[in-house]
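The structure file data.txt is reproduced below (compact mmCIF, C-alpha atoms).
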```txt
# COMPACT_ATOMS: atom_id res chain seq x y z
CA MET A 15 -33.29 -91.73 84.53
CA SER A 16 -34.37 -91.04 88.08
CA GLN A 17 -30.70 -91.04 89.05
CA THR A 18 -29.93 -88.26 86.57
CA ILE A 19 -32.61 -86.09 88.14
CA THR A 20 -31.21 -86.64 91.63
CA VAL A 21 -27.74 -85.67 90.46
CA ALA A 22 -29.07 -82.54 88.77
CA HIS A 23 -30.71 -81.43 92.00
CA ASP A 24 -27.69 -82.00 94.18
CA ILE A 25 -25.13 -79.58 92.75
CA HIS A 26 -22.01 -81.65 92.54
CA ARG A 27 -18.87 -80.12 93.85
CA ASP A 28 -15.55 -81.88 94.20
CA ASP A 29 -13.33 -79.96 96.58
CA GLU A 30 -10.66 -82.66 96.57
CA GLY A 31 -10.61 -82.51 92.77
CA SER A 32 -10.27 -78.71 92.84
CA LYS A 33 -7.38 -79.00 95.22
CA ILE A 34 -5.60 -81.62 93.10
CA GLY A 35 -6.12 -79.39 90.05
CA MET A 36 -4.52 -76.48 91.90
CA TRP A 37 -1.58 -78.64 92.92
CA LEU A 38 -1.10 -79.78 89.31
CA PHE A 39 -0.95 -76.13 88.27
CA ILE A 40 1.54 -75.48 91.08
CA PHE A 41 3.72 -78.32 89.75
CA THR A 42 3.86 -76.66 86.33
CA GLU A 43 4.83 -73.37 88.00
CA LEU A 44 7.49 -75.22 89.93
CA LEU A 45 8.95 -76.65 86.72
CA LEU A 46 8.96 -73.18 85.13
CA PHE A 47 10.95 -71.70 88.00
CA ALA A 48 13.12 -74.82 88.40
CA GLY A 49 14.22 -74.34 84.77
CA LEU A 50 15.17 -70.74 85.55
CA PHE A 51 17.03 -71.79 88.71
CA ILE A 52 19.04 -74.26 86.64
CA VAL A 53 19.87 -71.52 84.12
CA TYR A 54 20.96 -69.31 87.02
CA GLY A 55 23.06 -72.10 88.57
CA VAL A 56 24.83 -72.96 85.32
CA TYR A 57 25.59 -69.32 84.44
CA ARG A 58 26.80 -68.70 87.97
CA TYR A 59 29.09 -71.70 87.63
CA LEU A 60 30.45 -70.37 84.33
CA ASN A 61 30.85 -66.75 85.57
CA PRO A 62 31.63 -67.06 89.29
CA VAL A 63 33.50 -63.77 89.75
CA ALA A 64 31.04 -61.56 87.84
CA PHE A 65 28.05 -63.13 89.65
CA HIS A 66 29.78 -62.67 92.98
CA LEU A 67 30.47 -58.98 92.37
CA ALA A 68 27.09 -58.27 90.76
CA ALA A 69 25.22 -59.87 93.69
CA GLU A 70 26.92 -57.43 96.06
CA GLU A 71 25.14 -54.62 94.22
CA LEU A 72 21.81 -55.82 95.61
CA ASN A 73 20.57 -54.46 98.92
CA VAL A 74 20.36 -57.29 101.48
CA THR A 75 18.23 -55.18 103.85
CA VAL A 76 15.51 -54.59 101.24
CA GLY A 77 15.64 -58.28 100.30
CA THR A 78 15.35 -59.40 103.93
CA LEU A 79 12.49 -56.98 104.56
CA ASN A 80 10.62 -58.29 101.53
CA THR A 81 11.21 -61.88 102.64
CA VAL A 82 9.86 -61.23 106.14
CA ILE A 83 6.77 -59.36 104.98
CA LEU A 84 6.00 -62.01 102.36
CA LEU A 85 6.24 -64.71 105.05
CA CYS A 86 3.82 -62.64 107.19
CA SER A 87 1.37 -62.42 104.28
CA SER A 88 1.54 -66.20 103.83
CA ALA A 89 0.69 -66.61 107.52
CA THR A 90 -2.30 -64.23 107.33
CA MET A 91 -3.52 -66.02 104.18
CA ALA A 92 -3.29 -69.39 105.95
CA MET A 93 -5.09 -67.88 108.95
CA ALA A 94 -7.90 -66.69 106.64
CA SER A 95 -8.54 -70.36 105.75
CA THR A 96 -8.97 -71.07 109.46
CA ALA A 97 -11.13 -67.98 110.05
CA ILE A 98 -13.61 -68.82 107.28
CA ARG A 99 -14.05 -72.30 108.73
CA MET A 100 -14.76 -70.77 112.14
CA ARG A 101 -17.51 -68.74 110.39
CA LYS A 102 -15.80 -65.47 111.32
CA LYS A 103 -16.53 -63.34 108.27
CA ALA A 104 -15.14 -60.06 109.58
CA LEU A 105 -11.92 -61.71 110.73
CA THR A 106 -11.53 -63.48 107.37
CA LEU A 107 -11.93 -60.16 105.54
CA THR A 108 -9.44 -58.48 107.87
CA LEU A 109 -6.85 -61.23 107.30
CA LEU A 110 -7.38 -61.09 103.52
CA GLY A 111 -7.06 -57.30 103.72
CA ILE A 112 -3.75 -57.57 105.59
CA THR A 113 -2.50 -60.07 102.99
CA LEU A 114 -3.43 -57.65 100.19
CA PHE A 115 -1.79 -54.75 102.00
CA ILE A 116 1.45 -56.71 102.46
CA ALA A 117 1.40 -57.77 98.79
CA PHE A 118 1.08 -54.11 97.89
CA MET A 119 3.96 -53.18 100.19
CA PHE A 120 6.10 -55.88 98.59
CA MET A 121 5.45 -54.34 95.19
CA VAL A 122 6.25 -50.84 96.53
CA ASN A 123 9.59 -52.13 97.82
CA LYS A 124 10.21 -53.82 94.48
CA TYR A 125 9.38 -50.59 92.67
CA PHE A 126 11.94 -48.58 94.65
CA GLU A 127 14.53 -51.33 94.31
CA TRP A 128 14.14 -51.51 90.53
CA LYS A 129 13.94 -47.72 90.26
CA GLY A 130 17.26 -47.49 92.10
CA LYS A 131 18.83 -49.99 89.70
CA PHE A 132 17.44 -48.11 86.69
CA GLY A 133 18.83 -44.89 88.19
CA HIS A 134 22.29 -46.46 88.24
CA GLY A 135 21.89 -47.35 84.59
CA ILE A 136 21.30 -51.01 85.32
CA PHE A 137 18.42 -52.39 83.28
CA PRO A 138 18.20 -55.01 80.52
CA GLY A 139 19.95 -53.76 77.41
CA SER A 140 21.46 -50.64 79.04
CA GLU A 141 24.80 -49.22 77.89
CA ASP A 142 26.29 -49.30 81.39
CA LEU A 143 25.44 -52.96 81.80
CA LEU A 144 26.98 -53.88 78.45
CA GLN A 145 30.22 -52.20 79.51
CA LEU A 146 30.31 -54.23 82.74
CA GLY A 147 30.70 -57.40 80.73
CA HIS A 148 29.09 -60.72 79.93
CA GLY A 149 28.72 -62.11 83.49
CA ASP A 150 27.06 -58.97 84.88
CA THR A 151 24.68 -58.82 81.92
CA LEU A 152 23.67 -62.42 82.62
CA PHE A 153 23.27 -61.82 86.35
CA PHE A 154 21.10 -58.73 85.98
CA GLY A 155 19.21 -60.24 83.05
CA LEU A 156 18.27 -63.19 85.24
CA TYR A 157 17.67 -60.91 88.23
CA PHE A 158 15.18 -58.77 86.31
CA PHE A 159 13.52 -61.71 84.59
CA MET A 160 13.14 -63.93 87.66
CA THR A 161 12.12 -61.24 90.16
CA GLY A 162 9.93 -59.72 87.43
CA LEU A 163 8.19 -63.04 86.79
CA HIS A 164 7.79 -63.42 90.54
CA ALA A 165 6.33 -59.90 90.78
CA LEU A 166 3.88 -60.84 88.03
CA HIS A 167 2.78 -63.75 90.23
CA ILE A 168 2.33 -61.34 93.14
CA ILE A 169 0.03 -59.20 90.95
CA ILE A 170 -1.98 -62.27 89.86
CA GLY A 171 -2.19 -63.39 93.50
CA PHE A 172 -3.35 -59.89 94.46
CA ILE A 173 -6.18 -60.06 91.91
CA LEU A 174 -7.11 -63.60 93.04
CA ILE A 175 -7.25 -62.64 96.73
CA THR A 176 -9.29 -59.55 95.85
CA ILE A 177 -11.85 -61.77 94.10
CA VAL A 178 -11.92 -64.04 97.18
CA ALA A 179 -12.41 -61.05 99.50
CA VAL A 180 -15.29 -59.73 97.36
CA ARG A 181 -16.93 -63.16 97.39
CA VAL A 182 -16.51 -63.52 101.15
CA ASN A 183 -18.02 -60.07 101.55
CA ASN A 184 -21.13 -60.88 99.49
CA ASN A 185 -21.49 -64.27 101.22
CA SER A 186 -21.00 -66.37 98.07
CA LEU A 187 -17.89 -67.84 99.70
CA THR A 188 -18.55 -69.18 103.18
CA SER A 189 -17.47 -72.01 105.48
CA GLU A 190 -19.61 -74.27 103.27
CA ASN A 191 -17.45 -73.73 100.16
CA PRO A 192 -14.03 -72.37 101.18
CA VAL A 193 -12.16 -74.15 98.36
CA LEU A 194 -11.50 -70.97 96.32
CA LEU A 195 -9.97 -69.35 99.38
CA ASP A 196 -7.87 -72.47 100.05
CA ASN A 197 -6.66 -72.65 96.44
CA SER A 198 -5.82 -68.94 96.35
CA GLY A 199 -3.91 -69.63 99.56
CA LEU A 200 -2.00 -72.46 97.88
CA TYR A 201 -1.10 -70.10 95.03
CA TRP A 202 -0.01 -67.41 97.47
CA HIS A 203 2.17 -69.87 99.38
CA LEU A 204 3.76 -70.95 96.09
CA VAL A 205 4.67 -67.31 95.42
CA ASP A 206 6.20 -67.25 98.92
CA LEU A 207 7.99 -70.55 98.26
CA ILE A 208 9.62 -69.22 95.08
CA TRP A 209 10.75 -66.08 96.88
CA ILE A 210 12.31 -68.25 99.63
CA PHE A 211 14.73 -69.53 96.96
CA LEU A 212 15.10 -66.30 94.95
CA PHE A 213 16.16 -64.35 98.04
CA PRO A 214 19.31 -66.32 98.98
CA LEU A 215 20.28 -66.91 95.33
CA PHE A 216 20.27 -63.24 94.35
CA TYR A 217 20.78 -61.32 97.58
CA LEU A 218 22.69 -63.52 99.98
CA ILE A 219 25.18 -65.63 98.04
CA ALA A 220 27.65 -62.88 97.23
CA MET B 23 -22.46 -85.06 102.36
CA GLU B 24 -19.40 -85.51 100.18
CA ASN B 25 -19.26 -81.79 99.52
CA HIS B 26 -18.73 -80.89 103.13
CA ASN B 27 -15.29 -79.64 103.84
CA ASP B 28 -14.67 -80.97 107.31
CA SER B 29 -10.89 -81.02 107.07
CA HIS B 30 -8.74 -80.23 110.06
CA ILE B 31 -8.96 -76.63 111.24
CA VAL B 32 -5.49 -75.36 112.08
CA PRO B 33 -5.47 -73.02 115.10
CA PHE B 34 -4.14 -69.46 114.64
CA LYS B 35 -1.48 -70.13 117.24
CA THR B 36 0.12 -72.84 115.06
CA TYR B 37 0.45 -70.39 112.17
CA GLY B 38 1.91 -67.80 114.52
CA ILE B 39 4.58 -70.22 115.73
CA ILE B 40 5.36 -71.32 112.17
CA LEU B 41 5.71 -67.70 111.07
CA ALA B 42 8.10 -67.00 113.95
CA VAL B 43 10.21 -70.05 113.03
CA LEU B 44 10.33 -68.97 109.37
CA ILE B 45 11.42 -65.43 110.26
CA VAL B 46 14.13 -66.74 112.60
CA LEU B 47 15.39 -69.07 109.85
CA THR B 48 15.46 -66.12 107.42
CA LEU B 49 17.52 -64.03 109.85
CA ILE B 50 19.85 -66.99 110.47
CA SER B 51 20.41 -67.42 106.73
CA VAL B 52 21.17 -63.68 106.40
CA ALA B 53 23.61 -63.83 109.34
CA VAL B 54 25.29 -67.02 108.17
CA THR B 55 25.88 -65.73 104.63
CA GLN B 56 27.44 -62.51 105.96
CA ILE B 57 30.33 -64.48 107.47
CA ASP B 58 32.64 -66.05 104.94
CA LEU B 59 32.30 -69.82 104.87
CA ALA B 60 33.72 -70.13 101.35
CA SER B 61 32.00 -72.93 99.46
CA LEU B 62 29.82 -73.75 102.46
CA THR B 63 27.94 -70.44 102.10
CA VAL B 64 25.97 -71.59 99.06
CA PHE B 65 25.27 -74.95 100.66
CA THR B 66 24.05 -73.38 103.92
CA ALA B 67 21.82 -70.87 102.14
CA ILE B 68 20.23 -73.56 99.96
CA LEU B 69 19.83 -75.91 102.94
CA LEU B 70 18.07 -73.23 105.03
CA ALA B 71 15.86 -72.29 102.06
CA SER B 72 14.93 -75.97 101.64
CA ILE B 73 14.02 -76.29 105.33
CA LYS B 74 11.91 -73.12 105.08
CA SER B 75 10.12 -74.32 101.95
CA GLY B 76 9.47 -77.67 103.67
CA ILE B 77 7.81 -75.88 106.60
CA VAL B 78 5.71 -73.76 104.20
CA LEU B 79 4.61 -76.89 102.30
CA VAL B 80 3.75 -78.90 105.40
CA TYR B 81 1.96 -76.22 107.44
CA PHE B 82 0.90 -73.27 105.28
CA MET B 83 0.06 -75.44 102.29
CA HIS B 84 -1.70 -77.83 104.64
CA LEU B 85 0.10 -80.99 103.53
CA LYS B 86 0.32 -82.26 107.10
CA PHE B 87 -3.46 -82.52 107.18
CA ASP B 88 -3.95 -83.77 103.62
CA ASN B 89 -4.50 -87.40 102.72
CA LEU B 90 -1.64 -89.77 102.03
CA MET B 91 -2.09 -89.59 98.25
CA MET B 92 -1.50 -85.82 98.23
CA LYS B 93 1.54 -86.21 100.46
CA ILE B 94 3.10 -88.80 98.15
CA PHE B 95 2.10 -86.80 95.06
CA VAL B 96 3.72 -83.55 96.21
CA THR B 97 6.80 -85.20 97.72
CA ALA B 98 7.42 -87.14 94.51
CA VAL B 99 7.24 -84.02 92.33
CA PHE B 100 9.54 -82.02 94.60
CA VAL B 101 12.04 -84.89 94.80
CA LEU B 102 11.94 -85.18 91.00
CA VAL B 103 12.64 -81.44 90.56
CA ALA B 104 15.47 -81.63 93.11
CA LEU B 105 16.95 -84.63 91.27
CA VAL B 106 16.84 -82.84 87.92
CA MET B 107 18.78 -79.97 89.49
CA VAL B 108 21.31 -82.18 91.27
CA VAL B 109 21.98 -84.21 88.12
CA THR B 110 22.47 -81.03 86.05
CA PHE B 111 24.94 -79.61 88.55
CA LEU B 112 26.80 -82.92 88.90
CA ASP B 113 27.14 -82.94 85.14
CA TYR B 114 28.61 -79.42 85.17
CA ASN B 115 30.90 -80.16 88.10
CA TYR B 116 32.50 -83.27 86.62
CA ARG B 117 32.88 -82.29 82.97
```

Take the structure in the file and write it out as structure tokens.
Amino acid sequence: MSQTITVAHDIHRDDEGSKIGMWLFIFTELLLFAGLFIVYGVYRYLNPVAFHLAAEELNVTVGTLNTVILLCSSATMAMASTAIRMRKKALTLTLLGITLFIAFMFMVNKYFEWKGKFGHGIFPGSEDLLQLGHGDTLFFGLYFFMTGLHALHIIIGFILITIVAVRVNNNSLTSENPVLLDNSGLYWHLVDLIWIFLFPLFYLIA
Amino acid sequence: MENHNDSHIVPFKTYGIILAVLIVLTLISVAVTQIDLASLTVFTAILLASIKSGIVLVYFMHLKFDNLMMKIFVTAVFVLVALVMVVTFLDYNYR
């Protein structure tokens, strides 16, 4: 009985457990995207010419820019984990702010990229796309679905990092309990990791 | 205290260097895929992406400083995913 009371007073927290839980979630995300990459690979194999021509429609410069800025945001997110441990609150908030700003810029780029495609009559189910043929429909279908799903992850990551920033600001997340920041970082790096594969598959291999 | 998070603190400089390496690798993969290497293009792009993702996993995702169990855990899952992909593509290639 006395043991129960001791436990109740010492608020139990298992950071290692939280981290393993986050990794398990990341594994499920990995399987989700791995399935899509396999679908992409198989359809590319079955429609090599159409995929080759369709990929040339995508702007390599915009893709490269988005890759570089996403890598930068991963670095600032990782640095935030260091800053919080050094008890530098202002620096942590600045780094989180930069990460959020870059995430926003990524979405702005994505918006203009998609808007351009829509302007050319290329969107799922469009007449122009149907006339281009089966392979192009598959390529752009996968392009919109996979980059769209990735963009959804960016939005979720944005919300998550915002919550972390608010908690750092009101001192409920400090160097004593940085696990939420670390796990949000893991999620953000996963988003980066997926983009590292999406970028060459859609933009570069043409 | 068990709760204390006294894991290794990675210096900012390390992340800076890693970021620079990742950007250079990105630019290399863009440059390499612009020149026509025929079937090697896909291979090179995937290889560079794999190296980049390895660096992200080890440094940004902190695996280098995690305990052995986490290292084995993550490596095993990534190897499994890679195997599933390789087997699928082998199947398609040799039908």

*asked:* For Ile31 in chain B, find every residue with an atom within 10 Å (counting only C-alpha atoms), except residues of its own chain fewer than 3 positions away, and show them as a list in words.
replied: Met93, Ser95, Thr96, Ala97, Ile98, Arg99 and Met100 of chain A; Asp28, Phe34, His84 and Phe87 of chain B

Counting all atoms listed in the file, what are the residues of chain B within 9 Å of chain A, and for each of them which pair of atoms is the nearest and at what distance in Å, to one decimal? Sort the table by chain and rising number, as CSV.
```
residue,atom,partner,partner_atom,distance
B:Glu24,CA,A:Asp28,CA,8.0
B:Asn25,CA,A:Arg27,CA,5.9
B:His26,CA,A:Glu190,CA,6.7
B:Asn27,CA,A:Glu190,CA,6.9
B:Asp28,CA,A:Arg99,CA,8.8
B:Ile31,CA,A:Thr96,CA,5.8
B:Val32,CA,A:Thr96,CA,6.1
B:Pro33,CA,A:Thr96,CA,6.9
B:Phe34,CA,A:Met93,CA,6.0
B:Tyr37,CA,A:Ala89,CA,6.0
B:Gly38,CA,A:Ala89,CA,7.2
B:Ile40,CA,A:Ala89,CA,8.1
B:Leu41,CA,A:Ala89,CA,6.2
B:Leu44,CA,A:Leu85,CA,7.3
B:Ile45,CA,A:Val82,CA,6.1
B:Thr48,CA,A:Val82,CA,7.5
B:Leu49,CA,A:Thr78,CA,7.8
B:Ser51,CA,A:Pro214,CA,7.9
B:Val52,CA,A:Leu218,CA,6.6
B:Thr55,CA,A:Leu218,CA,6.1
B:Gln56,CA,A:Leu218,CA,7.7
B:Thr63,CA,A:Ile219,CA,6.9
B:Val64,CA,A:Ile219,CA,6.1
B:Ala67,CA,A:Pro214,CA,6.1
B:Ile68,CA,A:Pro214,CA,7.4
B:Ala71,CA,A:Ile210,CA,5.9
B:Ser72,CA,A:Phe211,CA,8.0
B:Lys74,CA,A:Ile210,CA,7.3
B:Ser75,CA,A:Leu207,CA,5.7
B:Val78,CA,A:Leu207,CA,7.1
B:Leu79,CA,A:His203,CA,8.0
B:Tyr81,CA,A:Ala92,CA,8.7
B:Phe82,CA,A:Ala92,CA,5.7
B:Met83,CA,A:Leu200,CA,5.7
B:His84,CA,A:Leu200,CA,8.6
B:Met92,CA,A:Ile34,CA,7.8
B:Val96,CA,A:Trp37,CA,7.9
B:Val99,CA,A:Phe41,CA,7.2
B:Phe100,CA,A:Phe41,CA,8.4
B:Val103,CA,A:Ala48,CA,7.0
B:Ala104,CA,A:Ala48,CA,8.6
B:Val106,CA,A:Ala48,CA,8.9
B:Met107,CA,A:Ile52,CA,6.4
B:Thr110,CA,A:Ile52,CA,7.6
B:Phe111,CA,A:Val56,CA,7.4
B:Tyr114,CA,A:Val56,CA,7.5
B:Asn115,CA,A:Tyr59,CA,8.7
```

With a distance cut-off of 12 Å and only C-alpha atoms, select the neighbouring residues of Phe172 in chain A, excluding the residue or stretch itself and same-chain residues fewer than 6 positions from it, and output the selection as a JSON list (two decimals) with C-alpha atoms, in the coordinates of the input.
```json
[["chain", "number", "residue", "atom", "x", "y", "z"],
["A", 87, "SER", "CA", 1.37, -62.42, 104.28],
["A", 91, "MET", "CA", -3.52, -66.02, 104.18],
["A", 110, "LEU", "CA", -7.38, -61.09, 103.52],
["A", 111, "GLY", "CA", -7.06, -57.30, 103.72],
["A", 112, "ILE", "CA", -3.75, -57.57, 105.59],
["A", 113, "THR", "CA", -2.50, -60.07, 102.99],
["A", 114, "LEU", "CA", -3.43, -57.65, 100.19],
["A", 115, "PHE", "CA", -1.79, -54.75, 102.00],
["A", 116, "ILE", "CA", 1.45, -56.71, 102.46],
["A", 117, "ALA", "CA", 1.40, -57.77, 98.79],
["A", 118, "PHE", "CA", 1.08, -54.11, 97.89],
["A", 119, "MET", "CA", 3.96, -53.18, 100.19],
["A", 120, "PHE", "CA", 6.10, -55.88, 98.59],
["A", 121, "MET", "CA", 5.45, -54.34, 95.19],
["A", 165, "ALA", "CA", 6.33, -59.90, 90.78],
["A", 166, "LEU", "CA", 3.88, -60.84, 88.03],
["A", 178, "VAL", "CA", -11.92, -64.04, 97.18],
["A", 179, "ALA", "CA", -12.41, -61.05, 99.50],
["A", 198, "SER", "CA", -5.82, -68.94, 96.35],
["A", 199, "GLY", "CA", -3.91, -69.63, 99.56],
["A", 201, "TYR", "CA", -1.10, -70.10, 95.03],
["A", 202, "TRP", "CA", -0.01, -67.41, 97.47],
["A", 205, "VAL", "CA", 4.67, -67.31, 95.42]]
```

Worksheet item: Out of A:Asn184, A:Thr176, A:Ser140, A:Thr108, which residue has the shortest atom-to-atom distance to Phe154 in chain A when counting only C-alpha atoms?
Response: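 Checking each candidate against Phe154 in chain A, we get A:Ser140 as the closest.
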
Separation of CA of Val53 in chain A from CA of Glu141 in chain A, in Å and rounded to one decimal: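 For CA of Val53 in chain A relative to CA of Glu141 in chain A, the distance reads 23.7 Å.
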
Q: Just the residues within 12 Å of Lys131 in chain A, please, counting all atoms listed in the file, with nothing from its chain fewer than 4 positions along; format it as a PyMOL selection string.
A: chain A and resi 68+71-73+124-127+135-138+140+142-143+154+157-158

- request: Provide the CA of Ile50 in chain B to CA of Ala69 in chain A distance in Å, to one decimal place.
  value: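 Separation of CA of Ile50 in chain B and CA of Ala69 in chain A: 19.0 Å.
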
In Å and to one decimal, CA of Lys102 in chain A is distant from CA of Val182 in chain A by 10.4 Å
